[in-house]
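Colleague: Got a structure here, written out as structure tokens. Questions coming.
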Protein chains: 4
Amino acid sequence: MLSFASDYTEGAHPRVLRRLVETNMEQLPGYGADCYCLSAIEKIRTACQCPEAEVYLLTGGTQTNAIVIDTMLDSCEGVVCAATGHVNVHEAGAIEHSGHKVLPLPEHQGKMDAEELRNYLVNFYQDENHEHMVFPGMVYISHPTEYGTLYSQEELTALSAVCRHYHIPLYMDGARLGYGLAGSQTDLTLPDIARICDVFYIGGTKVGALCGEAVVFPRHNAPAHFITKIKQRGALLAKGRLLGVQFDALFTDNLYIEISRNAIEMAERMKEGLRERHYSFHLESPTNQQFIILNNRQMEQLKERVDFSFWEKKDADHTVVRFATSWATTEEQVNQLMEALDATAV
Amino acid sequence: MLSFASDYTEGAHPRVLRRLVETNMEQLPGYGADCYCLSAIEKIRTACQCPEAEVYLLTGGTQTNAIVIDTMLDSCEGVVCAATGHVNVHEAGAIEHSGHKVLPLPEHQGKMDAEELRNYLVNFYQDENHEHMVFPGMVYISHPTEYGTLYSQEELTALSAVCRHYHIPLYMDGARLGYGLAGSQTDLTLPDIARICDVFYIGGTKVGALCGEAVVFPRHNAPAHFITKIKQRGALLAKGRLLGVQFDALFTDNLYIEISRNAIEMAERMKEGLRERHYSFHLESPTNQQFIILNNRQMEQLKERVDFSFWEKKDADHTVVRFATSWATTEEQVNQLMEALDATAV
Amino acid sequence: MLSFASDYTEGAHPRVLRRLVETNMEQLPGYGADCYCLSAIEKIRTACQCPEAEVYLLTGGTQTNAIVIDTMLDSCEGVVCAATGHVNVHEAGAIEHSGHKVLPLPEHQGKMDAEELRNYLVNFYQDENHEHMVFPGMVYISHPTEYGTLYSQEELTALSAVCRHYHIPLYMDGARLGYGLAGSQTDLTLPDIARICDVFYIGGTKVGALCGEAVVFPRHNAPAHFITKIKQRGALLAKGRLLGVQFDALFTDNLYIEISRNAIEMAERMKEGLRERHYSFHLESPTNQQFIILNNRQMEQLKERVDFSFWEKKDADHTVVRFATSWATTEEQVNQLMEALDATAV
Amino acid sequence: MLSFASDYTEGAHPRVLRRLVETNMEQLPGYGADCYCLSAIEKIRTACQCPEAEVYLLTGGTQTNAIVIDTMLDSCEGVVCAATGHVNVHEAGAIEHSGHKVLPLPEHQGKMDAEELRNYLVNFYQDENHEHMVFPGMVYISHPTEYGTLYSQEELTALSAVCRHYHIPLYMDGARLGYGLAGSQTDLTLPDIARICDVFYIGGTKVGALCGEAVVFPRHNAPAHFITKIKQRGALLAKGRLLGVQFDALFTDNLYIEISRNAIEMAERMKEGLRERHYSFHLESPTNQQFIILNNRQMEQLKERVDFSFWEKKDADHTVVRFATSWATTEEQVNQLMEALDATAV
């Protein structure tokens with residue numbers, strides 16, 4: 001069945017998979033010491049314009065969030081995020097499992113506001129009892145957010161300014177970073193992100209890889225013995241080549257950005273079709289996730305033709321649903337989605 | 001350079017990789033709900049002659065050990081193992097990181113003795129202070145062990161009898177299980193293991209896959225909400241297909257056992273060559289890991305021609321080294337190893 | 001300086017301390033096996049009309065909350081509480097440190113609403129993604145709450161009905177339980193609490209002891225090996241007598257309730273004086289904590305004469321402050337507080 | 001019944017208890033901010049000749065070990081100790097519960113050998129796979145050890161030299177430190193310990209207090225936000241005065257050492273009596289714990305007259321038992337013990 005359920009329903013981009021095939025019969029050292037891991041790291045440094053960045057390849061998003069957050073926080077610290085942040089809702093408590101509280105702030109279409117962050121921090125340190133409370137030790141944002149929205153360079157810089165004033169790192173979850181970098185009207189580049197954030201990851205799983213996320217520490221700020229800590233948390237692949245080869249391919253000839261652009265173009269085409277048909281958008285998303293409001297009757301009928309994601313109830317009769325494009329989405333699939341919508345419209 | 005360093009220096013078996021290519025452009029649901037995961041699980045149940053087994057696909061060995069042990073133990077319990085057990089030495093403290101003590105018993109060429117286990121348990125419960133001590137909550141063994149040795153059916157049954165008497169599960173780490181099942185002179189089959197052990201995993205990473213370990217709970221004894229616990233520990237792949245397709249291929253047409261046999265045949269050929277040349281074996285291993293004693297001068301020279309593993313110092317002048325074969329090892333490679341040994345012999 | 005800052009600013013009730021003196025030179029077994037611990041437990045069972053209750057004596061409130069919650073929850077479960085719950089705000093993340101998320105619901109003067117709890121649970125299990133979320137595994141309430149308010153028997157029964165429907169235990173933090181049981185107009189007795197809740201603790205530290213909280217599991221539902229788990233969490237006193245003697249004294253001749261009544265009487269006298277002087281109450285509290293609104297000028301002046309607790313900002317010019325009475329508060333102290341208020345009134 | 005079972009069977013020293021009574025009706029701030037905590041800390045600094053030491057008062061030994069070790073170690077580090085170390089055996093896995101492996105070295109009458117420590121560390125860092133292993137992050141010793149033995153100044157300095165070479169802190173568990181400082185023939189003073197160790201605690205529970213251990217960080221090396229970390233681990237008493245008053249008394253007029261001397265004098269008298277009667281000592285202990293070998297028949301008979309501790313089986317017919325004296329032991333009690341031995345002698 002046609003699926004717009006998520007960007008992880010596809011396999012790997014063919015050029016990524018081809019490189020796995022081409023390198024398959026080579027004997028390579030394990031645990032990330034192979035030439036493809038080293039090459040991928042070098043290419044990521046170049047793409048970030050950050051030649052001294054420390055880069056580590058991990059397997060999945062929740063794993064990456066849990067490891068980065070746990071190893072960068074002191075035990076009495078928690079991580080501040082927008083209430084809708086993935087770490088706060090959909091990671092089965094992985095952050096708390098590692099011992100740290102998630103400290104939610106109000107969300108604005110998935111984003112955190114720098115002024116609200118500042119107020120939270122001011123109030124925390126003014127509170128006479130703050131020694132009995134969890135210290136804010138890191139700020140977590142996702143980009144694109146869980147609602148497909150993007151921070152502008154100004155907004156990100158404002159968040160960073162607050163973080164730097166309080167000496168807490170700003171961490172960007174880039175599970176869908178490609179779709180953010182290729183987003184319509186964004187003014188944030190990968191080098192910008194490496195300059196403004198203190199740690200971030202470049203998502204592979206949702207952007208062309210079978211698995212894999214590349215964590216970047218731009219300023220020699222990786223935790224000590226990070227490889228051992230990765231191993232200790234069960235996240236060090238014996239065959240690190242699986243990640244190395246994939247990221248090496250994604251960062252060869254700008255593949256990562258190019259395939260992300262396809263997702264955005266298909267999302268724009270989808271938006272156009274939805275607008276023409278007068279569907280209501282839950283919010284304006286410039287990336288590959290689009291949230292529209294369907295009446296429940298149509299939603300039920302549509303389910304039989306297309307896979308998509310339930311997002312939240314709008315009211316008794318309407319529901320917010322998500323359609324996600326990806327690097328693999330074709331014009332034909334978008335057309336089929338429109339036909340399915342037309343066939344179920346009431 | 002020619003490598004006998006380990007069984008994880010290879011890529012995937014070509015038939016495994018081919019299935020990843022063939023299925024790549026299908027849209028599939030995430031998180032292990034796809035048809036290939038379901039098919040793999042069904043085939044593993046059949047191979048285990050255990051139609052009601054619960055099977056979960058994880059990514060790597062340390063991850064699997066940490067998750068199985070942590071989720072099956074109560075918080076005041078630890079895991080008993082041979083002192084050389086992988087969980088006790090080479091997993092960067094992953095078990096302790098999850099809150100549990102590793103309780104080492106003496107090892108005999110990597111194996112645990114059932115009588116020593118019984119004595120340990122008898123003494124524990126007789127100790128008046130045992131409420132101030134870590135309770136033994138599980139027995140961990142590896143098969144093949146870290147020294148390539150194998151339990152006989154009698155030995156495994158004896159361990160199981162002690163465990164069942166004390167109501168603690170017997171867990172088998174099968175990172176190299178294929179090489180155990182295909183080992184020369186073994187009398188233990190996969191259905192035997194499913195019958196005698198309470199939980200075990202079938203290693204994929206070292207036996208033909210790029211990554212992947214299949215955990216088997218034979219008797220409806222998987223921990224409640226196991227999927228959520230996997231997610232919480234950062235081990236649930238969004239693209240579960242990566243594991244499903246690989247295990248589906250490995251358990252089609254007996255591939256898992258067949259490719260394991262190659263490793264054993266090549267190991268036997270290697271042993272023959274080594275014996276002819278009068279090298280001393282550190283111990284008798286019936287599987288794909290062979291441990292021989294080299295004088296340090298030859299070892300240093302050999303390093304320039306072949307990759308292998310340092311194991312431990314024998315004495316001031318001699319060292320135990322490991323040569324590992326795998327599903328991918330060829331006769332030609334074994335011949336090259338012999339030539340390299342001959343060229344460096346003193 | 002006169003202090004109404006909290007109920008833990010006092011030492012022990014003289015009868016409690018006297019028993020420590022009288023028993024001091026006896027040689028007694030350690031770790032809670034002494035006759036005073038056993039006697040205290042028996043008296044608590046009697047007071048709860050729950051002859052088979054399991055009772056454990058711990059040292060402090062945060063310790064007790066962390067141990068009870070962690071040992072009763074499965075690793076993928078969190079604890080539901082009102083947003084103002086002590087475990088959510090003022091325990092330095094002790095619950096998350098033990099691996100569990102705190103799941104806050106709206107608070108109503110510190111209390112949780114049974115209907116809102118039910119809706120939360122209904123929605124949780126209806127959410128298709130709930131396997132990726134933290135399972136609600138326990139409900140935490142405090143009684144009196146952090147705002148001094150009390151649940152009625154009807155309210156508590158309603159919460160319990162929801163919990164029992166979902167098979168999750170209802171846990172009452174009774175750090176100030178004495179002041180709740182002696183509260184004006186309460187219809188909840190200790191036997192009621194033992195009947196309706198699944199686990200609760202009787203607070204000693206704030207009600208006449210130097211330290212100590214008695215955890216009660218009314219229905220054979222203490223976690224297995226609870227003593228070992230207490231030890232493992234650093235909470236098993238070698239000289240358990242310190243807790244045993246104190247609770248034995250508190251539960252002799254109804255001392256616990258009697259001394260709590262003094263706190264309530266003094267609070268009522270204080271409320272009367274405050275009402276006569278037309279001070280505004282932040283909310284109506286029937287127990288020993290009273291929250292009133294002061295203008296900031298008076299608050300600053302009052303600080304020089306009396307210790308009290310800042311609670312929260314009301315608006316730019318006003319602040320909510322807390323005055324707490326205790327078993328030790330005298331009429332004279334209440335009079336002095338009124339004089340101090342009069343002397344600073346504007 | 002007469003008890004030589006342990007040094008925690010007594011209450012508090014009368015002068016300690018008297019101070020609790022004298023200060024009981026004072027209103028004091030909570031959480032360690034009271035004048036008695038501050039005074040106790042100042043007196044401990046003076047006794048250590050370490051005016052800038054950071055001193056924290058905790059409740060019990062296992063709690064103290066777990067908090068100090070967990071907060072000083074990085075997550076990938078473990079703690080090295082003698083195999084008989086209390087943290088390795090009798091703390092119910094409290095260290096592992098906090099995520100850290102205990103790394104046992106051989107013990108010599110309870111002590112660690114500096115040369116063996118050095119070899120362990122040399123080998124660890126030479127091991128090519130050490131990134132897959134737990135890093136040694138701290139050395140734990142007890143003084144007196146679990147066998148009552150003491151380090152000499154030379155031995156302690158040698159351990160410290162190894163630790164400093166490897167930049168890992170040396171931590172002394174001083175649960176019975178008083179009995180070590182007052183031990184016959186010791187050349188280690190409290191200022192020596194403060195100079196040579198990086199962190200240690202002065203045990204109160206077993207030396208005159210009802211509860212309480214004073215952790216000393218001699219060189220501004222307490223972990224950041226240590227109070228919050230204590231709170232988070234459930235170990236911050238609301239009525240910190242309970243610890244402050246006791247340690248203030250113990251460090252007034254040299255009480256701590258004086259009462260320790262009584263334990264040593266009584267132990268010496270006991271040893272004399274035992275030697276006269278030709279009992280065999282398991283080892284030579286210069287402190288308050290004495291280990292002798294009894295034949296099992298006498299041991300069983302003696303149990304009916306005196307409480308003592310089973311230590312370990314010597315052979316089929318003999319057992320090592322422990323007699324412990326304390327600050328409270330009297331000559332009369334020692335005489336009674338001798339009479340009981342005489343009455344049961346075979």
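Chain labels run A, B, ... following the order of the structure tokens; each chain numbers its residues from 1, and ligands are numbered from 1 in the order shown.
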Could you write out as a short mmCIF file (atom, residue, chain, number, x, y, z; two decimals) with all heavy atoms, in the first residue's frame the residues of chain C within 9 Å of chain B, counting only C-alpha atoms?
Modeller:
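result-v3.cif was written with the following content:
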data_model
loop_
_atom_site.label_atom_id
_atom_site.label_comp_id
_atom_site.auth_asym_id
_atom_site.auth_seq_id
_atom_site.Cartn_x
_atom_site.Cartn_y
_atom_site.Cartn_z
N THR C 71 11.42 0.51 43.55
CA THR C 71 11.31 -0.94 43.74
C THR C 71 9.93 -1.48 43.36
O THR C 71 9.78 -2.68 43.14
CB THR C 71 11.63 -1.36 45.19
OG1 THR C 71 10.74 -0.67 46.07
CG2 THR C 71 13.07 -1.03 45.56
N ASP C 74 8.23 -1.28 37.33
CA ASP C 74 9.01 -1.97 36.32
C ASP C 74 9.85 -0.89 35.61
O ASP C 74 9.54 0.30 35.67
CB ASP C 74 8.06 -2.64 35.33
CG ASP C 74 8.76 -3.66 34.44
OD1 ASP C 74 9.98 -3.84 34.58
OD2 ASP C 74 8.07 -4.27 33.60
N SER C 75 10.93 -1.33 34.95
CA SER C 75 11.87 -0.32 34.43
C SER C 75 11.25 0.59 33.37
O SER C 75 11.69 1.71 33.19
CB SER C 75 13.14 -0.98 33.89
OG SER C 75 12.87 -1.71 32.72
N CYS C 76 10.21 0.13 32.69
CA CYS C 76 9.61 0.99 31.65
C CYS C 76 8.46 1.83 32.18
O CYS C 76 7.77 2.48 31.41
CB CYS C 76 9.17 0.15 30.46
SG CYS C 76 7.84 -0.99 30.84
N HIS C 130 1.84 4.09 22.21
CA HIS C 130 2.16 4.08 23.65
C HIS C 130 3.29 3.11 23.99
O HIS C 130 3.93 3.26 25.03
CB HIS C 130 0.92 3.84 24.52
CG HIS C 130 0.40 2.45 24.51
ND1 HIS C 130 -0.60 2.03 23.67
CD2 HIS C 130 0.73 1.36 25.25
CE1 HIS C 130 -0.86 0.76 23.90
NE2 HIS C 130 -0.08 0.33 24.84
N GLU C 131 3.61 2.18 23.10
CA GLU C 131 4.78 1.33 23.36
C GLU C 131 6.09 2.12 23.29
O GLU C 131 7.13 1.63 23.71
CB GLU C 131 4.83 0.17 22.37
CG GLU C 131 3.84 -0.94 22.70
CD GLU C 131 4.23 -2.25 22.03
OE1 GLU C 131 4.82 -2.19 20.95
OE2 GLU C 131 3.93 -3.32 22.61
N HIS C 132 6.03 3.32 22.71
CA HIS C 132 7.21 4.19 22.65
C HIS C 132 7.20 5.22 23.77
O HIS C 132 7.98 6.17 23.76
CB HIS C 132 7.30 4.89 21.29
CG HIS C 132 7.69 3.97 20.18
ND1 HIS C 132 8.34 4.40 19.06
CD2 HIS C 132 7.52 2.63 20.03
CE1 HIS C 132 8.55 3.36 18.25
NE2 HIS C 132 8.05 2.29 18.81
N MET C 133 6.29 5.05 24.70
CA MET C 133 6.15 6.03 25.78
C MET C 133 6.34 5.34 27.13
O MET C 133 6.34 4.11 27.23
CB MET C 133 4.77 6.67 25.69
CG MET C 133 4.60 7.47 24.40
SD MET C 133 2.87 7.88 24.01
CE MET C 133 2.54 9.10 25.27
N VAL C 134 6.48 6.16 28.16
CA VAL C 134 6.64 5.63 29.51
C VAL C 134 5.28 5.16 30.03
O VAL C 134 4.31 5.92 30.01
CB VAL C 134 7.21 6.70 30.44
CG1 VAL C 134 7.26 6.21 31.88
CG2 VAL C 134 8.60 7.11 29.96
N PHE C 135 5.21 3.92 30.48
CA PHE C 135 3.96 3.37 31.03
C PHE C 135 3.69 3.97 32.41
O PHE C 135 4.59 4.05 33.24
CB PHE C 135 4.07 1.85 31.16
CG PHE C 135 3.82 1.12 29.88
CD1 PHE C 135 4.75 1.16 28.85
CD2 PHE C 135 2.65 0.40 29.67
CE1 PHE C 135 4.52 0.49 27.65
CE2 PHE C 135 2.42 -0.29 28.48
CZ PHE C 135 3.35 -0.24 27.47
N ALA C 224 9.92 -8.09 46.69
CA ALA C 224 10.76 -9.19 47.16
C ALA C 224 12.12 -8.65 47.59
O ALA C 224 12.63 -7.69 47.01
CB ALA C 224 10.94 -10.21 46.03
N HIS C 225 12.71 -9.28 48.60
CA HIS C 225 14.04 -8.90 49.08
C HIS C 225 14.12 -7.40 49.38
O HIS C 225 15.10 -6.74 49.03
CB HIS C 225 15.11 -9.26 48.05
CG HIS C 225 15.11 -10.70 47.68
ND1 HIS C 225 15.14 -11.71 48.59
CD2 HIS C 225 15.10 -11.31 46.46
CE1 HIS C 225 15.13 -12.88 47.97
NE2 HIS C 225 15.09 -12.67 46.69
N PHE C 226 13.10 -6.87 50.03
CA PHE C 226 13.05 -5.42 50.23
C PHE C 226 14.21 -4.94 51.10
O PHE C 226 14.78 -3.89 50.88
CB PHE C 226 11.69 -5.03 50.81
CG PHE C 226 11.37 -3.56 50.67
CD1 PHE C 226 11.40 -2.95 49.42
CD2 PHE C 226 11.06 -2.78 51.78
CE1 PHE C 226 11.11 -1.58 49.29
CE2 PHE C 226 10.77 -1.43 51.65
CZ PHE C 226 10.80 -0.82 50.41
N ILE C 227 14.58 -5.72 52.11
CA ILE C 227 15.70 -5.33 52.99
C ILE C 227 16.99 -5.19 52.17
O ILE C 227 17.75 -4.23 52.32
CB ILE C 227 15.88 -6.38 54.12
CG1 ILE C 227 14.85 -6.14 55.22
CG2 ILE C 227 17.30 -6.32 54.71
CD1 ILE C 227 15.08 -4.89 56.06
N THR C 228 17.23 -6.14 51.28
CA THR C 228 18.42 -6.06 50.44
C THR C 228 18.36 -4.81 49.55
O THR C 228 19.37 -4.13 49.35
CB THR C 228 18.56 -7.33 49.58
OG1 THR C 228 18.54 -8.46 50.45
CG2 THR C 228 19.85 -7.33 48.79
N LYS C 229 17.21 -4.52 49.04
CA LYS C 229 17.06 -3.33 48.18
C LYS C 229 17.27 -2.03 48.97
O LYS C 229 17.80 -1.06 48.45
CB LYS C 229 15.71 -3.36 47.47
CG LYS C 229 15.65 -4.47 46.42
CD LYS C 229 14.26 -4.69 45.85
CE LYS C 229 14.29 -5.89 44.90
NZ LYS C 229 12.93 -6.32 44.51
N LYS C 231 19.22 -1.85 51.62
CA LYS C 231 20.68 -1.83 51.84
C LYS C 231 21.40 -1.33 50.58
O LYS C 231 22.29 -0.48 50.65
CB LYS C 231 21.14 -3.26 52.17
CG LYS C 231 22.65 -3.44 52.25
CD LYS C 231 23.19 -2.98 53.57
CE LYS C 231 24.70 -3.17 53.67
NZ LYS C 231 25.25 -2.55 54.86
N GLN C 232 21.01 -1.85 49.45
CA GLN C 232 21.65 -1.51 48.17
C GLN C 232 21.52 -0.03 47.86
O GLN C 232 22.37 0.55 47.17
CB GLN C 232 20.96 -2.33 47.08
CG GLN C 232 21.61 -2.25 45.72
CD GLN C 232 20.82 -3.06 44.71
OE1 GLN C 232 19.60 -3.08 44.73
NE2 GLN C 232 21.53 -3.72 43.81
#
Colleague: I need the alpha helix (DSSP H) residues of segment 77-205 of chain D per DSSP on the backbone, written as a VMD selection string.
Modeller: chain D and resid 86 to 89 94 to 97 114 to 126 153 to 165 177 to 181 190 to 196
Colleague: May I have the residues within 10 Å of His220 of chain C as a list in words, using only C-alpha atoms and disregarding those fewer than 2 positions away in the same chain?
Modeller: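 Selected residues are Glu52, Ala53, Glu54, Asp198, Val216, Phe217, Pro218, Ala222 and Pro223 of chain C.
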Colleague: Please write the residues from the selection above to a file, keeping all heavy atoms, as a PDB file, in the first residue's frame.
Modeller:
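Listed below is the output, part-v3.pdb:
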ATOM      1  N   GLU C  52      -1.486  -7.718  59.306  1.00  0.00           N
ATOM      2  CA  GLU C  52      -0.517  -8.416  58.466  1.00  0.00           C
ATOM      3  C   GLU C  52       0.306  -7.466  57.610  1.00  0.00           C
ATOM      4  O   GLU C  52       1.005  -7.896  56.690  1.00  0.00           O
ATOM      5  CB  GLU C  52      -1.250  -9.424  57.582  1.00  0.00           C
ATOM      6  CG  GLU C  52      -2.165 -10.332  58.400  1.00  0.00           C
ATOM      7  CD  GLU C  52      -2.234 -11.724  57.843  1.00  0.00           C
ATOM      8  OE1 GLU C  52      -2.220 -11.855  56.607  1.00  0.00           O
ATOM      9  OE2 GLU C  52      -2.283 -12.675  58.659  1.00  0.00           O
ATOM     10  N   ALA C  53       0.187  -6.199  57.875  1.00  0.00           N
ATOM     11  CA  ALA C  53       0.950  -5.233  57.084  1.00  0.00           C
ATOM     12  C   ALA C  53       2.441  -5.488  57.221  1.00  0.00           C
ATOM     13  O   ALA C  53       2.930  -5.888  58.277  1.00  0.00           O
ATOM     14  CB  ALA C  53       0.620  -3.813  57.545  1.00  0.00           C
ATOM     15  N   GLU C  54       3.171  -5.237  56.134  1.00  0.00           N
ATOM     16  CA  GLU C  54       4.632  -5.234  56.191  1.00  0.00           C
ATOM     17  C   GLU C  54       5.069  -3.790  56.405  1.00  0.00           C
ATOM     18  O   GLU C  54       4.632  -2.889  55.675  1.00  0.00           O
ATOM     19  CB  GLU C  54       5.210  -5.780  54.883  1.00  0.00           C
ATOM     20  CG  GLU C  54       4.851  -7.258  54.674  1.00  0.00           C
ATOM     21  CD  GLU C  54       5.021  -7.705  53.237  1.00  0.00           C
ATOM     22  OE1 GLU C  54       4.364  -7.127  52.344  1.00  0.00           O
ATOM     23  OE2 GLU C  54       5.811  -8.621  53.014  1.00  0.00           O
ATOM     24  N   ASP C 198      -2.345   1.430  48.455  1.00  0.00           N
ATOM     25  CA  ASP C 198      -1.597   0.177  48.298  1.00  0.00           C
ATOM     26  C   ASP C 198      -0.252   0.231  49.006  1.00  0.00           C
ATOM     27  O   ASP C 198       0.349  -0.792  49.304  1.00  0.00           O
ATOM     28  CB  ASP C 198      -1.421  -0.110  46.810  1.00  0.00           C
ATOM     29  CG  ASP C 198      -2.760  -0.257  46.139  1.00  0.00           C
ATOM     30  OD1 ASP C 198      -3.508  -1.175  46.515  1.00  0.00           O
ATOM     31  OD2 ASP C 198      -3.109   0.589  45.294  1.00  0.00           O
ATOM     32  N   VAL C 216       4.429   1.457  54.933  1.00  0.00           N
ATOM     33  CA  VAL C 216       3.456   0.395  55.207  1.00  0.00           C
ATOM     34  C   VAL C 216       2.962  -0.209  53.887  1.00  0.00           C
ATOM     35  O   VAL C 216       2.472   0.516  53.012  1.00  0.00           O
ATOM     36  CB  VAL C 216       2.254   0.939  56.003  1.00  0.00           C
ATOM     37  CG1 VAL C 216       1.268  -0.190  56.321  1.00  0.00           C
ATOM     38  CG2 VAL C 216       2.726   1.627  57.285  1.00  0.00           C
ATOM     39  N   PHE C 217       3.140  -1.511  53.749  1.00  0.00           N
ATOM     40  CA  PHE C 217       2.556  -2.276  52.639  1.00  0.00           C
ATOM     41  C   PHE C 217       1.420  -3.079  53.233  1.00  0.00           C
ATOM     42  O   PHE C 217       1.666  -4.088  53.913  1.00  0.00           O
ATOM     43  CB  PHE C 217       3.588  -3.228  52.032  1.00  0.00           C
ATOM     44  CG  PHE C 217       4.763  -2.538  51.407  1.00  0.00           C
ATOM     45  CD1 PHE C 217       5.933  -2.338  52.132  1.00  0.00           C
ATOM     46  CD2 PHE C 217       4.716  -2.090  50.099  1.00  0.00           C
ATOM     47  CE1 PHE C 217       7.029  -1.713  51.570  1.00  0.00           C
ATOM     48  CE2 PHE C 217       5.811  -1.455  49.522  1.00  0.00           C
ATOM     49  CZ  PHE C 217       6.968  -1.265  50.262  1.00  0.00           C
ATOM     50  N   PRO C 218       0.187  -2.672  53.032  1.00  0.00           N
ATOM     51  CA  PRO C 218      -0.904  -3.284  53.810  1.00  0.00           C
ATOM     52  C   PRO C 218      -1.253  -4.702  53.400  1.00  0.00           C
ATOM     53  O   PRO C 218      -1.835  -5.424  54.186  1.00  0.00           O
ATOM     54  CB  PRO C 218      -2.105  -2.360  53.544  1.00  0.00           C
ATOM     55  CG  PRO C 218      -1.594  -1.195  52.773  1.00  0.00           C
ATOM     56  CD  PRO C 218      -0.283  -1.585  52.175  1.00  0.00           C
ATOM     57  N   ALA C 222       4.882  -5.928  49.632  1.00  0.00           N
ATOM     58  CA  ALA C 222       6.243  -5.372  49.621  1.00  0.00           C
ATOM     59  C   ALA C 222       7.058  -6.073  48.539  1.00  0.00           C
ATOM     60  O   ALA C 222       6.888  -7.270  48.299  1.00  0.00           O
ATOM     61  CB  ALA C 222       6.897  -5.566  50.980  1.00  0.00           C
ATOM     62  N   PRO C 223       7.934  -5.334  47.870  1.00  0.00           N
ATOM     63  CA  PRO C 223       8.798  -5.955  46.856  1.00  0.00           C
ATOM     64  C   PRO C 223       9.638  -7.065  47.477  1.00  0.00           C
ATOM     65  O   PRO C 223      10.031  -6.990  48.646  1.00  0.00           O
ATOM     66  CB  PRO C 223       9.691  -4.795  46.394  1.00  0.00           C
ATOM     67  CG  PRO C 223       8.893  -3.557  46.681  1.00  0.00           C
ATOM     68  CD  PRO C 223       8.139  -3.872  47.951  1.00  0.00           C
TER      69      PRO C 223
END
Colleague: Neighbouring residues of segment 81-83 of chain A were defined as those with any atom within 8 Å, considering only C-alpha atoms; residues of the same chain fewer than 6 positions away were excluded. Please report them as a PyMOL selection string.
Modeller: chain A and resi 102-107+110-112+139-141
Colleague: Those residues you just picked out, can you put them in a file as a PDB file, in the first residue's frame with C-alpha atoms?
Modeller:
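File produced: selection-v2.pdb:
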ATOM      1  CA  VAL A 102      13.598  16.072  31.131  1.00  0.00           C
ATOM      2  CA  LEU A 103      12.641  19.662  31.944  1.00  0.00           C
ATOM      3  CA  PRO A 104       9.892  20.750  29.547  1.00  0.00           C
ATOM      4  CA  LEU A 105       9.299  24.367  28.490  1.00  0.00           C
ATOM      5  CA  PRO A 106       6.284  25.608  26.484  1.00  0.00           C
ATOM      6  CA  GLU A 107       6.441  24.710  22.812  1.00  0.00           C
ATOM      7  CA  GLY A 110       7.500  22.424  18.281  1.00  0.00           C
ATOM      8  CA  LYS A 111      10.032  25.171  18.952  1.00  0.00           C
ATOM      9  CA  MET A 112      11.512  26.634  22.114  1.00  0.00           C
ATOM     10  CA  VAL A 139      19.208  22.538  26.093  1.00  0.00           C
ATOM     11  CA  TYR A 140      17.770  20.074  23.592  1.00  0.00           C
ATOM     12  CA  ILE A 141      16.101  21.200  20.385  1.00  0.00           C
TER      13      ILE A 141
END
Colleague: Give me the residues near segment 307-318 of chain D as a PyMOL selection string, where near means some atom within 10 Å (using only C-alpha atoms) and where sequence neighbours in that chain fewer than 2 positions away do not count.
Modeller: (chain B and resi 127-129) or (chain C and resi 29) or (chain D and resi 1-6+147+282+291-299+302-305+320-324+337)
Colleague: Which residues come within 9 Å of His13 of chain C, counting only C-alpha atoms, excluding same-chain residues fewer than 3 positions away, as an MDAnalysis selection string?
Modeller: (chainID C and resid 10 16:18 207:210 250 259 327:328) or (chainID D and resid 24:25)
Colleague: Can you list, as a list in words, every protein, DNA or RNA residue that comes within 10 Å of Tyr120 of chain B when you count only C-alpha atoms, leaving out same-chain residues fewer than 6 positions away?
Modeller: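 Contacts, with the query itself left out: Val80, Leu105, Ala114, Gln126 and Pro136 of chain B.
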Colleague: Using Å and a single decimal, report how far atom CA of Gly85 of chain C sits from atom CA of Leu58 of chain D.
Modeller: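 Going from atom CA of Leu58 of chain D over to atom CA of Gly85 of chain C, I get 25.6 Å.
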Colleague: One number please: atom CA of Thr157 of chain A to atom CA of Asp253 of chain A, in Å, one decimal.
Modeller: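 Rounded to one decimal, the two atoms are 29.1 Å apart.
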